[in-house]
Amino acid sequence: MFDWSEPGLRLVSGWVYPALAPALALLTFLVYRVTQPPLPRWRRLLLTGLRTGALVMLLVSLAEPVLSLRHQSVVRPTLTVLLDTSPSMEVQEAEGTRLSQVLSLVGGTEWRQALSRFEVEPRAFSQQVTPVAADTVARLRSSGRATDLGRAIQGEPGQGSPSAKSRAILLLSDGGHNLGYDPVRAAAEVGVPVFCLSVGTVAGPPDVAVVAVRVDEEAHVGQPLSVEAVVRSSGWQGVQASIRLFAEGDQVAVERLTLPADGVDLPVRLVWRPARSGPHLLRVVLESPPGEVWRDNDEARMLIRVREQRARVLVVAGSPGPELTFLLRALAADSSLTVTTRVYRGGGAFYDPAGTPASSVAGQDAVVLVDPTLDLLKGSFGEEVAARVRQGGGLLFIGGPH
């Protein structure tokens, strides 16, 4: 980056007015040669100078002068260079490992000359992304357990996206993506051009990985919890394997699967019923086929919180109406509640025939009464509600015309 300043002066109305200054100065001098009454020489010269100065200032103002000072900064565009340092870059080829080929390229004179007009920002990545100082690139070594091209393109959380200040991204990798977000979609969403330079002439070792795990947001004691793992393989098509779900070290689910074709994502669903509330550490572990080189990406972990059983709420309305509809919609938005609705039709009967009032109230954690009628409260149903409240159940009473 370099700066420079450039001052400038221009007259909006042109130089015709300043050109008249000598003529006006001469005219003023002639006018003051003879004065009445006569004045001393020094006073006539003073008056001539003051009058000439006033006329010149008038001419300058008519010329509309504009003084400008332009300051410019030239900044070289930033180019983010993503260097793959995952284990697959240690594959040995005729000219050395893939990583050594990349390092010899970026350390060469032709490379520096080609990128001399850029501000190069190198980043090393495997399953994570790490900023690298330009003078330490030559000392990079392979690390990590997998290759996450999507995260490399989008950036590590907390470090910012490479596209935040870059004009382009240059990706140097063997393309062995086996973990994380789809790199094609990541490149389409990042907002700057992404150029890829592939390295490697032979296929890498076969690999299988758990690339993603999706779990239900809500987990409750005794309720089935669905854990969906996404498996991706390379070179193991048709091989049988097992995928297991562990909770706090205990195996709670297992599924057999057939590994898919290269690059195809296979979703596998594991179901677990948690027996207690609180935080749980879950591990999804894929059985490593014999001969697999990289096994660190065969496992994924997540921390979830299991809640107690959903609170059971009985809503009883004296009659249908918009208030009841609004209340039910509000309660349905809370996933921690199980809502049962009864609408009174008179004579001790309800529109919903499922269950009697007595059996419905006994097992509820809370009862909501929406504009109940007097005969409903005086009957056995009102006694059941009173008994449940005495036992610690909740009660919400919403009055109305009834």
# chains A, B, ... in the order shown; residues from 1 in each chain; ligands from 1
call {"tool": "residues_around", "arguments": {"residues": "Thr340 (chain A)", "least_positions_apart": "3", "cutoff": "8 Å", "atoms": "only C-alpha atoms", "output": "number ranges by chain"}}
result
A: 312-315
call {"tool": "residues_around", "arguments": {"residues": "Leu286 (chain A)", "least_positions_apart": "5", "cutoff": "8 Å", "atoms": "only C-alpha atoms", "output": "VMD selection string"}}
result
chain A and resid 209 to 210 241 to 244 298 to 299
call {"tool": "atom_distance", "arguments": {"atom1": "CA of Arg269 (chain A)", "atom2": "CA of Val230 (chain A)"}}
result
8.9 Å
call {"tool": "closest_residue", "arguments": {"among": "A:Gly363, A:Gly108, A:Gly49, A:Pro162", "to": "Ala138 (chain A)", "atoms": "only C-alpha atoms"}}
result
A:Gly108
call {"tool": "residues_around", "arguments": {"residues": "region 171-181 of chain A", "least_positions_apart": "2", "cutoff": "7 Å", "atoms": "only C-alpha atoms", "output": "list in words"}}
result
Val81, Leu82, Leu83, Asp84, Met89, Ala146, Thr147, Asp148, Leu149, Gly150, Arg151, Ile169, Pro183, Phe195, Cys196, Leu197, Ser198, Val199, Gly200, Ala209, Val211, Ala212 and Arg232 of chain A
call {"tool": "write_last_selection", "arguments": {"atoms": "N, CA, C and O atoms", "output": "PDB file, in the first residue's frame"}}
result
ATOM      1  N   VAL A  81      -4.892 -17.720   0.308  1.00  0.00           N
ATOM      2  CA  VAL A  81      -4.365 -18.988  -0.215  1.00  0.00           C
ATOM      3  C   VAL A  81      -4.597 -20.060   0.849  1.00  0.00           C
ATOM      4  O   VAL A  81      -4.083 -19.961   1.968  1.00  0.00           O
ATOM      5  N   LEU A  82      -5.422 -21.057   0.527  1.00  0.00           N
ATOM      6  CA  LEU A  82      -5.748 -22.147   1.434  1.00  0.00           C
ATOM      7  C   LEU A  82      -4.868 -23.347   1.112  1.00  0.00           C
ATOM      8  O   LEU A  82      -4.904 -23.878   0.001  1.00  0.00           O
ATOM      9  N   LEU A  83      -4.055 -23.759   2.092  1.00  0.00           N
ATOM     10  CA  LEU A  83      -3.090 -24.845   1.912  1.00  0.00           C
ATOM     11  C   LEU A  83      -3.572 -26.070   2.677  1.00  0.00           C
ATOM     12  O   LEU A  83      -3.742 -26.021   3.905  1.00  0.00           O
ATOM     13  N   ASP A  84      -3.798 -27.147   1.968  1.00  0.00           N
ATOM     14  CA  ASP A  84      -4.277 -28.388   2.569  1.00  0.00           C
ATOM     15  C   ASP A  84      -3.124 -29.074   3.300  1.00  0.00           C
ATOM     16  O   ASP A  84      -2.099 -29.406   2.697  1.00  0.00           O
ATOM     17  N   MET A  89      -2.430 -35.413   2.345  1.00  0.00           N
ATOM     18  CA  MET A  89      -1.344 -34.716   1.653  1.00  0.00           C
ATOM     19  C   MET A  89       0.007 -35.370   1.891  1.00  0.00           C
ATOM     20  O   MET A  89       1.007 -34.966   1.300  1.00  0.00           O
ATOM     21  N   ALA A 146      -8.820 -35.102   9.213  1.00  0.00           N
ATOM     22  CA  ALA A 146      -9.713 -35.181   8.053  1.00  0.00           C
ATOM     23  C   ALA A 146      -9.521 -33.928   7.204  1.00  0.00           C
ATOM     24  O   ALA A 146      -8.752 -33.027   7.549  1.00  0.00           O
ATOM     25  N   THR A 147     -10.235 -33.878   6.066  1.00  0.00           N
ATOM     26  CA  THR A 147     -10.173 -32.734   5.153  1.00  0.00           C
ATOM     27  C   THR A 147     -11.557 -32.122   5.036  1.00  0.00           C
ATOM     28  O   THR A 147     -12.466 -32.752   4.511  1.00  0.00           O
ATOM     29  N   ASP A 148     -11.698 -30.906   5.540  1.00  0.00           N
ATOM     30  CA  ASP A 148     -12.976 -30.188   5.495  1.00  0.00           C
ATOM     31  C   ASP A 148     -12.804 -28.991   4.561  1.00  0.00           C
ATOM     32  O   ASP A 148     -12.449 -27.888   4.982  1.00  0.00           O
ATOM     33  N   LEU A 149     -13.082 -29.206   3.279  1.00  0.00           N
ATOM     34  CA  LEU A 149     -12.937 -28.128   2.296  1.00  0.00           C
ATOM     35  C   LEU A 149     -13.983 -27.043   2.503  1.00  0.00           C
ATOM     36  O   LEU A 149     -13.712 -25.857   2.271  1.00  0.00           O
ATOM     37  N   GLY A 150     -15.187 -27.440   2.939  1.00  0.00           N
ATOM     38  CA  GLY A 150     -16.234 -26.452   3.158  1.00  0.00           C
ATOM     39  C   GLY A 150     -15.865 -25.447   4.229  1.00  0.00           C
ATOM     40  O   GLY A 150     -16.047 -24.243   4.072  1.00  0.00           O
ATOM     41  N   ARG A 151     -15.316 -25.926   5.341  1.00  0.00           N
ATOM     42  CA  ARG A 151     -14.918 -25.013   6.417  1.00  0.00           C
ATOM     43  C   ARG A 151     -13.740 -24.145   5.976  1.00  0.00           C
ATOM     44  O   ARG A 151     -13.660 -22.960   6.351  1.00  0.00           O
ATOM     45  N   ILE A 169     -10.133 -16.397  -3.591  1.00  0.00           N
ATOM     46  CA  ILE A 169      -9.586 -17.481  -2.778  1.00  0.00           C
ATOM     47  C   ILE A 169      -8.919 -18.486  -3.709  1.00  0.00           C
ATOM     48  O   ILE A 169      -9.510 -18.881  -4.723  1.00  0.00           O
ATOM     49  N   PRO A 183     -18.360 -28.533  -0.118  1.00  0.00           N
ATOM     50  CA  PRO A 183     -17.496 -27.428  -0.576  1.00  0.00           C
ATOM     51  C   PRO A 183     -18.042 -26.698  -1.793  1.00  0.00           C
ATOM     52  O   PRO A 183     -17.762 -25.515  -1.982  1.00  0.00           O
ATOM     53  N   PHE A 195     -10.708 -20.277  -6.759  1.00  0.00           N
ATOM     54  CA  PHE A 195      -9.921 -20.988  -7.768  1.00  0.00           C
ATOM     55  C   PHE A 195      -9.243 -22.182  -7.101  1.00  0.00           C
ATOM     56  O   PHE A 195      -8.689 -22.060  -6.008  1.00  0.00           O
ATOM     57  N   CYS A 196      -9.312 -23.326  -7.754  1.00  0.00           N
ATOM     58  CA  CYS A 196      -8.766 -24.558  -7.193  1.00  0.00           C
ATOM     59  C   CYS A 196      -7.572 -25.023  -8.015  1.00  0.00           C
ATOM     60  O   CYS A 196      -7.635 -25.048  -9.249  1.00  0.00           O
ATOM     61  N   LEU A 197      -6.504 -25.376  -7.329  1.00  0.00           N
ATOM     62  CA  LEU A 197      -5.320 -25.944  -7.964  1.00  0.00           C
ATOM     63  C   LEU A 197      -5.101 -27.313  -7.349  1.00  0.00           C
ATOM     64  O   LEU A 197      -4.768 -27.436  -6.169  1.00  0.00           O
ATOM     65  N   SER A 198      -5.329 -28.349  -8.149  1.00  0.00           N
ATOM     66  CA  SER A 198      -5.279 -29.715  -7.637  1.00  0.00           C
ATOM     67  C   SER A 198      -3.843 -30.227  -7.624  1.00  0.00           C
ATOM     68  O   SER A 198      -3.032 -29.893  -8.488  1.00  0.00           O
ATOM     69  N   VAL A 199      -3.549 -31.036  -6.623  1.00  0.00           N
ATOM     70  CA  VAL A 199      -2.239 -31.654  -6.504  1.00  0.00           C
ATOM     71  C   VAL A 199      -2.449 -33.155  -6.316  1.00  0.00           C
ATOM     72  O   VAL A 199      -3.395 -33.590  -5.670  1.00  0.00           O
ATOM     73  N   GLY A 200      -1.584 -33.944  -6.910  1.00  0.00           N
ATOM     74  CA  GLY A 200      -1.680 -35.389  -6.770  1.00  0.00           C
ATOM     75  C   GLY A 200      -2.057 -36.057  -8.082  1.00  0.00           C
ATOM     76  O   GLY A 200      -2.963 -35.603  -8.773  1.00  0.00           O
ATOM     77  N   ALA A 209     -15.925 -42.059   6.587  1.00  0.00           N
ATOM     78  CA  ALA A 209     -16.010 -41.016   7.608  1.00  0.00           C
ATOM     79  C   ALA A 209     -17.458 -40.737   7.970  1.00  0.00           C
ATOM     80  O   ALA A 209     -18.372 -40.912   7.156  1.00  0.00           O
ATOM     81  N   VAL A 211     -19.448 -37.721   8.387  1.00  0.00           N
ATOM     82  CA  VAL A 211     -19.248 -36.331   7.981  1.00  0.00           C
ATOM     83  C   VAL A 211     -20.205 -35.362   8.668  1.00  0.00           C
ATOM     84  O   VAL A 211     -19.954 -34.152   8.694  1.00  0.00           O
ATOM     85  N   ALA A 212     -21.297 -35.849   9.226  1.00  0.00           N
ATOM     86  CA  ALA A 212     -22.248 -34.954   9.895  1.00  0.00           C
ATOM     87  C   ALA A 212     -23.150 -35.775  10.806  1.00  0.00           C
ATOM     88  O   ALA A 212     -23.377 -36.971  10.571  1.00  0.00           O
ATOM     89  N   ARG A 232     -19.944 -41.096   4.636  1.00  0.00           N
ATOM     90  CA  ARG A 232     -19.390 -40.945   3.292  1.00  0.00           C
ATOM     91  C   ARG A 232     -18.149 -41.827   3.174  1.00  0.00           C
ATOM     92  O   ARG A 232     -17.327 -41.871   4.091  1.00  0.00           O
TER      93      ARG A 232
END
call {"tool": "closest_residue", "arguments": {"among": "A:Val190, A:Leu259, A:Leu27, A:Leu395", "to": "Ala152 (chain A)", "atoms": "only C-alpha atoms"}}
result
A:Val190
call {"tool": "residues_around", "arguments": {"residues": "Arg117 (chain A)", "least_positions_apart": "4", "cutoff": "10 Å", "atoms": "only C-alpha atoms", "output": "list in words"}}
result
Val75, Arg76, Pro77, Thr78, Leu79, Arg112 and Gln113 of chain A
call {"tool": "atom_distance", "arguments": {"atom1": "CA of Arg342 (chain A)", "atom2": "CA of Phe326 (chain A)"}}
result
15.0 Å
